[in-house]
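Participant: Sending over a structure as structure tokens; questions will come in a sec.
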Amino acid sequence: MAKKIYQTNSEIQTFNLGKKLASQLCGGEILALSGPLGAGKTVLVKGLAAGLGVKEIITSPTFVVMKVYPVRHTAAKDVSPAQKKIKRLVHIDCYRVNEPQAILDIGAAEYFRQPDTVTVIEWAEYLKPILPRKKINLTIKFKNFNQRQITVK
Amino acid sequence: MIILGLESSCDETAAAVLKTDGRSFTLLANIVSSQIAIHKKYGGVVPEVAARNHIKNIIPVIDECLAAAKIKPQKIDRLAVTVGPGLITSLMVGAETAKNLAYAWHKPICGINHMRAHLYANWLENPKLKFPAVCLIVSGGHTELILLKNQKSLKKIGQTVDDAAGEAFDKVAQLLNLGYPGGPVVSKWALNGNPKAFNFARPMLHSKDYNFSFSGLKTSVLYTVKKLPSLKANSAKLKADICASFQQAVVDVLVHKTIKAALDFNAQTVMLSGGVAANQLLRDTCKLKAESSRLNFNMPQIKNCTDNGAMIAAAGYFAQPIPWQKLRVDPNLSI
């Protein structure tokens, strides 16, 4: 993805940005998400999941570290042919994990770059040493209270 | 029936021996070895460290438990072990140990859903429960409302759509630099604070469903902290006020939704369970509101709210045994 900077003014706009980004995915991507507590990382992932066609409610994976959701394409008109290959969304949260090895121990790396899987990693900065170089970096910054600047590259 | 319950889904290694005929539940022993002290310095559970400590602790915990219960393995009728949800590396330790014991001792084994077990901790108080009932299960990783038609028929009617209540406590503790685990620490600070000092958002309080949301509340605390000049934000009085106001907001939403669900579904009983059910304000408020709405109320003792083997054994009574070869862990198991 080419570098782009977005600005959102509300939670809903952040959600919709996630949805929009989902439409540009074709499977195998790793999205490395960083930003402080309360920046809206999970909101962005909720948008991504909605865009991909995940039906379950996306909840914070902080406690269990990793959650795997099946992707169901029902609304065929909204889905690009490339997107149809995506069969699951893996949602990882490194908030409680300061050691990259721990993420490997729970089997997360098995999903990285699988052509039918999109992997989103919150607090990805903790995982830098073990992440593949080819990934999409999403950085959320606080601007004003409800405003966020989101950099994609 | 005598049941040995084993628990290792997060940071406690626990075993319990329970004797029950389905009406009365008697704990013969209940041993919990907590790793909280180990994980405190990391500000949370580290999966790899947790698993290594479970391996070290589990056999001594089982030995101690059997000795305390004065029970020989031959006398055990059934094994019960947590198979999810939780951290996969932690779950594996308990499940593999239980499988080995089931094989060696020739005992039937039940794979237990940790969240259902929290709910069945209510039976440890030997209550005369009237159905239908509504149970709020609230912990570090989950916040769920369960409708029980009878003691075995469970249906999830609501859940958090983002962060669990316990997680919100942990994250607010982190925002205020209060330490880990967040639940006990925030409620301790809250004792000296004014719950009305800050009017934090009560997300989804009046939504028509039975879902919860705590992510926005966490962000609302963050905005409040950010707005304060740094000198002021470090004052103990202010931290106590933030803790008290935050805790009040969480409790208000949890209790309101639970009572509403109980009334809407014509429930006779309201139950509380899960690690956050150890929170005194939540216990008192929920009891008061349930009773003032003419509902029966039941909750486990505080020590049976946090993770333990007793609740796993209690859930084991209601579960169906399977061959040990078929026992599988599932970190994302849901009710």
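How things are named: the first chain in the structure tokens is A, the next is B, and so on; residues count from 1 in each chain; ligands count from 1 in the order shown.
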With 9 Å as the limit and counting only C-alpha atoms, what residues in chain A lie close to chain B? Please list them as an mmCIF file with N, CA and C atoms, in the first residue's frame.
Facilitator:
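Final output, iface_22.cif:
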```cif
data_model
loop_
_atom_site.group_PDB
_atom_site.id
_atom_site.type_symbol
_atom_site.label_atom_id
_atom_site.label_comp_id
_atom_site.auth_asym_id
_atom_site.auth_seq_id
_atom_site.Cartn_x
_atom_site.Cartn_y
_atom_site.Cartn_z
ATOM 1 N N LEU A 37 -2.940 3.684 24.380
ATOM 2 C CA LEU A 37 -4.226 3.250 24.966
ATOM 3 C C LEU A 37 -5.315 4.244 24.600
ATOM 4 N N GLY A 38 -6.456 3.747 24.139
ATOM 5 C CA GLY A 38 -7.580 4.636 23.854
ATOM 6 C C GLY A 38 -7.504 5.315 22.500
ATOM 7 N N ALA A 39 -6.503 4.965 21.675
ATOM 8 C CA ALA A 39 -6.351 5.620 20.373
ATOM 9 C C ALA A 39 -7.419 5.161 19.395
ATOM 10 N N GLY A 40 -7.921 3.945 19.593
ATOM 11 C CA GLY A 40 -8.948 3.429 18.694
ATOM 12 C C GLY A 40 -8.474 2.259 17.853
ATOM 13 N N THR A 42 -8.734 -1.019 18.487
ATOM 14 C CA THR A 42 -9.761 -2.054 18.360
ATOM 15 C C THR A 42 -10.904 -1.573 17.465
ATOM 16 N N VAL A 43 -11.210 -0.271 17.517
ATOM 17 C CA VAL A 43 -12.271 0.271 16.649
ATOM 18 C C VAL A 43 -11.894 0.095 15.181
ATOM 19 N N ILE A 57 -18.887 -10.604 16.903
ATOM 20 C CA ILE A 57 -18.515 -9.333 17.514
ATOM 21 C C ILE A 57 -17.019 -9.380 17.822
ATOM 22 N N ILE A 58 -16.283 -8.373 17.345
ATOM 23 C CA ILE A 58 -14.847 -8.320 17.630
ATOM 24 C C ILE A 58 -14.666 -7.731 19.025
ATOM 25 N N THR A 59 -14.108 -8.511 19.952
ATOM 26 C CA THR A 59 -13.835 -7.986 21.282
ATOM 27 C C THR A 59 -12.330 -7.891 21.460
ATOM 28 N N SER A 60 -11.929 -7.115 22.446
ATOM 29 C CA SER A 60 -10.498 -6.914 22.661
ATOM 30 C C SER A 60 -9.805 -8.234 22.975
ATOM 31 N N PRO A 61 -8.723 -8.565 22.263
ATOM 32 C CA PRO A 61 -8.029 -9.824 22.547
ATOM 33 C C PRO A 61 -6.952 -9.667 23.620
ATOM 34 N N THR A 62 -6.950 -8.542 24.341
ATOM 35 C CA THR A 62 -5.885 -8.299 25.317
ATOM 36 C C THR A 62 -5.693 -9.493 26.246
ATOM 37 N N PHE A 63 -6.792 -10.046 26.746
ATOM 38 C CA PHE A 63 -6.677 -11.078 27.771
ATOM 39 C C PHE A 63 -6.199 -12.412 27.212
ATOM 40 N N VAL A 64 -6.747 -12.824 26.071
ATOM 41 C CA VAL A 64 -6.366 -14.133 25.522
ATOM 42 C C VAL A 64 -5.260 -14.035 24.480
ATOM 43 N N VAL A 65 -4.810 -12.817 24.171
ATOM 44 C CA VAL A 65 -3.698 -12.521 23.263
ATOM 45 C C VAL A 65 -4.049 -12.713 21.782
ATOM 46 N N MET A 66 -4.736 -13.805 21.430
ATOM 47 C CA MET A 66 -5.027 -14.020 20.014
ATOM 48 C C MET A 66 -6.441 -14.553 19.824
ATOM 49 N N LYS A 67 -7.147 -13.996 18.846
ATOM 50 C CA LYS A 67 -8.465 -14.529 18.491
ATOM 51 C C LYS A 67 -8.514 -14.751 16.986
ATOM 52 N N VAL A 68 -9.180 -15.819 16.575
ATOM 53 C CA VAL A 68 -9.284 -16.151 15.151
ATOM 54 C C VAL A 68 -10.762 -16.123 14.753
ATOM 55 N N TYR A 95 -0.421 -6.288 24.007
ATOM 56 C CA TYR A 95 -0.411 -5.394 25.170
ATOM 57 C C TYR A 95 0.201 -6.057 26.398
ATOM 58 N N ARG A 96 -0.148 -7.345 26.607
ATOM 59 C CA ARG A 96 0.342 -8.039 27.799
ATOM 60 C C ARG A 96 1.627 -8.809 27.532
ATOM 61 N N VAL A 97 2.065 -8.786 26.285
ATOM 62 C CA VAL A 97 3.196 -9.630 25.921
ATOM 63 C C VAL A 97 4.375 -8.754 25.538
ATOM 64 N N ASN A 98 5.378 -8.714 26.393
ATOM 65 C CA ASN A 98 6.513 -7.859 26.044
ATOM 66 C C ASN A 98 7.647 -8.671 25.447
ATOM 67 N N GLU A 99 7.431 -9.974 25.285
ATOM 68 C CA GLU A 99 8.466 -10.836 24.751
ATOM 69 C C GLU A 99 7.969 -11.466 23.456
ATOM 70 N N GLN A 101 8.928 -13.915 21.791
ATOM 71 C CA GLN A 101 8.898 -15.375 21.827
ATOM 72 C C GLN A 101 7.529 -15.898 22.280
ATOM 73 N N ALA A 102 6.909 -15.156 23.210
ATOM 74 C CA ALA A 102 5.628 -15.599 23.755
ATOM 75 C C ALA A 102 4.567 -15.674 22.660
ATOM 76 N N ILE A 103 4.623 -14.754 21.699
ATOM 77 C CA ILE A 103 3.671 -14.757 20.594
ATOM 78 C C ILE A 103 3.920 -15.966 19.694
ATOM 79 N N ASP A 105 5.138 -18.752 20.749
ATOM 80 C CA ASP A 105 4.745 -19.924 21.537
ATOM 81 C C ASP A 105 3.261 -20.245 21.407
ATOM 82 N N ILE A 106 2.432 -19.230 21.207
ATOM 83 C CA ILE A 106 1.002 -19.534 21.095
ATOM 84 C C ILE A 106 0.614 -19.881 19.654
ATOM 85 N N GLY A 107 1.611 -19.991 18.794
ATOM 86 C CA GLY A 107 1.343 -20.471 17.434
ATOM 87 C C GLY A 107 0.910 -19.393 16.458
ATOM 88 N N PHE A 145 -9.203 15.743 21.031
ATOM 89 C CA PHE A 145 -9.864 14.708 21.796
ATOM 90 C C PHE A 145 -10.480 13.607 20.951
#
```
Participant: Could you list, as a list in words, every residue within 6 Å of Leu33 (chain A), counting only C-alpha atoms and ignoring same-chain residues fewer than 3 positions away?
Facilitator: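 Counting only C-alpha atoms, the residues come to Ile121, Glu122, Ala124, Leu138 and Thr139 of chain A.
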Participant: Between B:His54, B:Lys257, B:Arg283, B:His114, single out the one closest to Thr97 (chain B), counting only C-alpha atoms.
Facilitator: B:His54
Participant: Enumerate, as a ChimeraX atom specification, the complete set of residues in region 209-278 of chain B that a backbone-based DSSP assignment places in strand (DSSP E or B).
Facilitator: /B:212,269-273
Participant: Output N, CA and C atoms for every residue in that selection, as a PDB file, in the first residue's frame.
Facilitator:
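Below is the file that was written, result33.pdb:
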```pdb
ATOM      1  N   PHE B 212     -22.676  -4.897  26.511  1.00  0.00           N
ATOM      2  CA  PHE B 212     -21.919  -3.908  27.279  1.00  0.00           C
ATOM      3  C   PHE B 212     -20.809  -3.331  26.407  1.00  0.00           C
ATOM      4  N   THR B 269     -34.282 -15.487  39.660  1.00  0.00           N
ATOM      5  CA  THR B 269     -33.026 -15.376  40.389  1.00  0.00           C
ATOM      6  C   THR B 269     -31.996 -14.600  39.580  1.00  0.00           C
ATOM      7  N   VAL B 270     -31.189 -13.817  40.282  1.00  0.00           N
ATOM      8  CA  VAL B 270     -30.041 -13.156  39.670  1.00  0.00           C
ATOM      9  C   VAL B 270     -28.785 -13.743  40.305  1.00  0.00           C
ATOM     10  N   MET B 271     -27.798 -14.095  39.451  1.00  0.00           N
ATOM     11  CA  MET B 271     -26.538 -14.629  39.955  1.00  0.00           C
ATOM     12  C   MET B 271     -25.373 -13.791  39.444  1.00  0.00           C
ATOM     13  N   LEU B 272     -24.316 -13.813  40.221  1.00  0.00           N
ATOM     14  CA  LEU B 272     -23.126 -13.039  39.887  1.00  0.00           C
ATOM     15  C   LEU B 272     -21.960 -14.012  39.910  1.00  0.00           C
ATOM     16  N   SER B 273     -20.987 -13.847  39.009  1.00  0.00           N
ATOM     17  CA  SER B 273     -19.808 -14.719  39.084  1.00  0.00           C
ATOM     18  C   SER B 273     -18.665 -14.152  38.267  1.00  0.00           C
TER      19      SER B 273
END
```
Participant: Name the residues of region 54-271 of chain B that come out as helix (DSSP H, G or I) in a backbone DSSP run; write them as a count of residues only.
Facilitator: 115
Participant: Measure the distance from CA of Arg113 (chain A) to CA of Glu29 (chain A) in Å and round it to one decimal.
Facilitator: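 CA of Glu29 (chain A) lies 5.9 Å from CA of Arg113 (chain A).
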Participant: Please compute the CA of Leu148 (chain B)-CA of Ala133 (chain B) distance, one decimal, in Å.
Facilitator: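 So the two atoms, CA of Leu148 (chain B) and CA of Ala133 (chain B), lie 5.1 Å apart.
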Participant: Give me, please, the distance in Å between CA of Gly183 (chain B) and CA of Leu263 (chain B), quoted to one decimal.
Facilitator: 28.5 Å
Participant: In terms of the shortest atom-to-atom distance over only C-alpha atoms, which of A:Gln147, A:Ser80, A:Asn16, A:Ser34 is closest to Trp123 (chain A)?
Facilitator: A:Ser34
Participant: So which residues touch Leu27 (chain B) within 12 Å, counting only C-alpha atoms, skipping near sequence neighbours fewer than 3 positions away, as a ChimeraX atom specification?
Facilitator: /B:1-5,15-20,24,30-31,65-66,68-71,121,123-126,304,308-314
Participant: Rank nothing, just name the residue among B:Ala29, B:Met92, B:Ala261, B:Val251 nearest to Leu147 (chain B), using only C-alpha atoms.
Facilitator: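 Selected residue with least distance to Leu147 (chain B): B:Ala261.
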Participant: Nearest to Gln74 (chain B) among B:His39, B:Lys260, B:His106, B:Arg52, with distances taken over only C-alpha atoms: which residue is it?
Facilitator: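 Closest candidate: B:His106.
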Participant: Of the candidates A:Leu25, A:Leu131, A:Ala32, A:Leu17, which one gets nearest to Leu104 (chain A) if we count only C-alpha atoms?
Facilitator: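 Ranking A:Leu25, A:Leu131, A:Ala32, A:Leu17 by distance to Leu104 (chain A), first place goes to A:Leu131.
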Participant: Considering only C-alpha atoms, return as a ChimeraX atom specification whatever protein or nucleic-acid residues lie within 12 Å of Glu96 (chain B), sequence-local ones (same chain, fewer than 3 positions apart) excluded.
Facilitator: /B:6-8,54-55,58-59,81-83,88-93,99-103,109,111,324-329
Participant: Residues of the last selection are to be written out with C-alpha atoms, as a short mmCIF file (atom, residue, chain, number, x, y, z; two decimals), in the first residue's frame.
Facilitator:
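Writing done, so here's selection-v9.cif:
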```cif
data_model
loop_
_atom_site.label_atom_id
_atom_site.label_comp_id
_atom_site.auth_asym_id
_atom_site.auth_seq_id
_atom_site.Cartn_x
_atom_site.Cartn_y
_atom_site.Cartn_z
CA LEU B 6 -8.08 -28.82 37.70
CA GLU B 7 -7.64 -25.23 36.49
CA SER B 8 -4.70 -23.62 34.66
CA HIS B 54 2.04 -24.14 35.73
CA ILE B 55 4.31 -27.06 34.81
CA ILE B 58 0.57 -28.52 38.94
CA ILE B 59 1.72 -31.86 40.38
CA VAL B 81 -10.29 -29.85 33.67
CA THR B 82 -10.51 -26.43 32.00
CA VAL B 83 -10.18 -26.67 28.20
CA ILE B 88 -3.27 -21.93 24.97
CA THR B 89 0.12 -22.59 26.60
CA SER B 90 -1.45 -22.45 30.07
CA LEU B 91 -4.49 -24.56 29.12
CA MET B 92 -2.28 -27.29 27.67
CA VAL B 93 -0.55 -27.88 31.01
CA LYS B 99 -5.35 -36.71 30.43
CA ASN B 100 -2.35 -38.51 31.90
CA LEU B 101 -4.12 -38.95 35.22
CA ALA B 102 -7.30 -40.18 33.52
CA TYR B 103 -5.24 -42.76 31.64
CA ILE B 109 -12.73 -37.03 32.27
CA GLY B 111 -13.44 -30.91 29.46
CA TRP B 324 -9.40 -38.83 27.41
CA GLN B 325 -8.16 -39.26 23.81
CA LYS B 326 -10.84 -36.81 22.66
CA LEU B 327 -10.04 -34.02 25.11
CA ARG B 328 -8.92 -30.89 23.21
CA VAL B 329 -8.15 -27.38 24.41
#
```
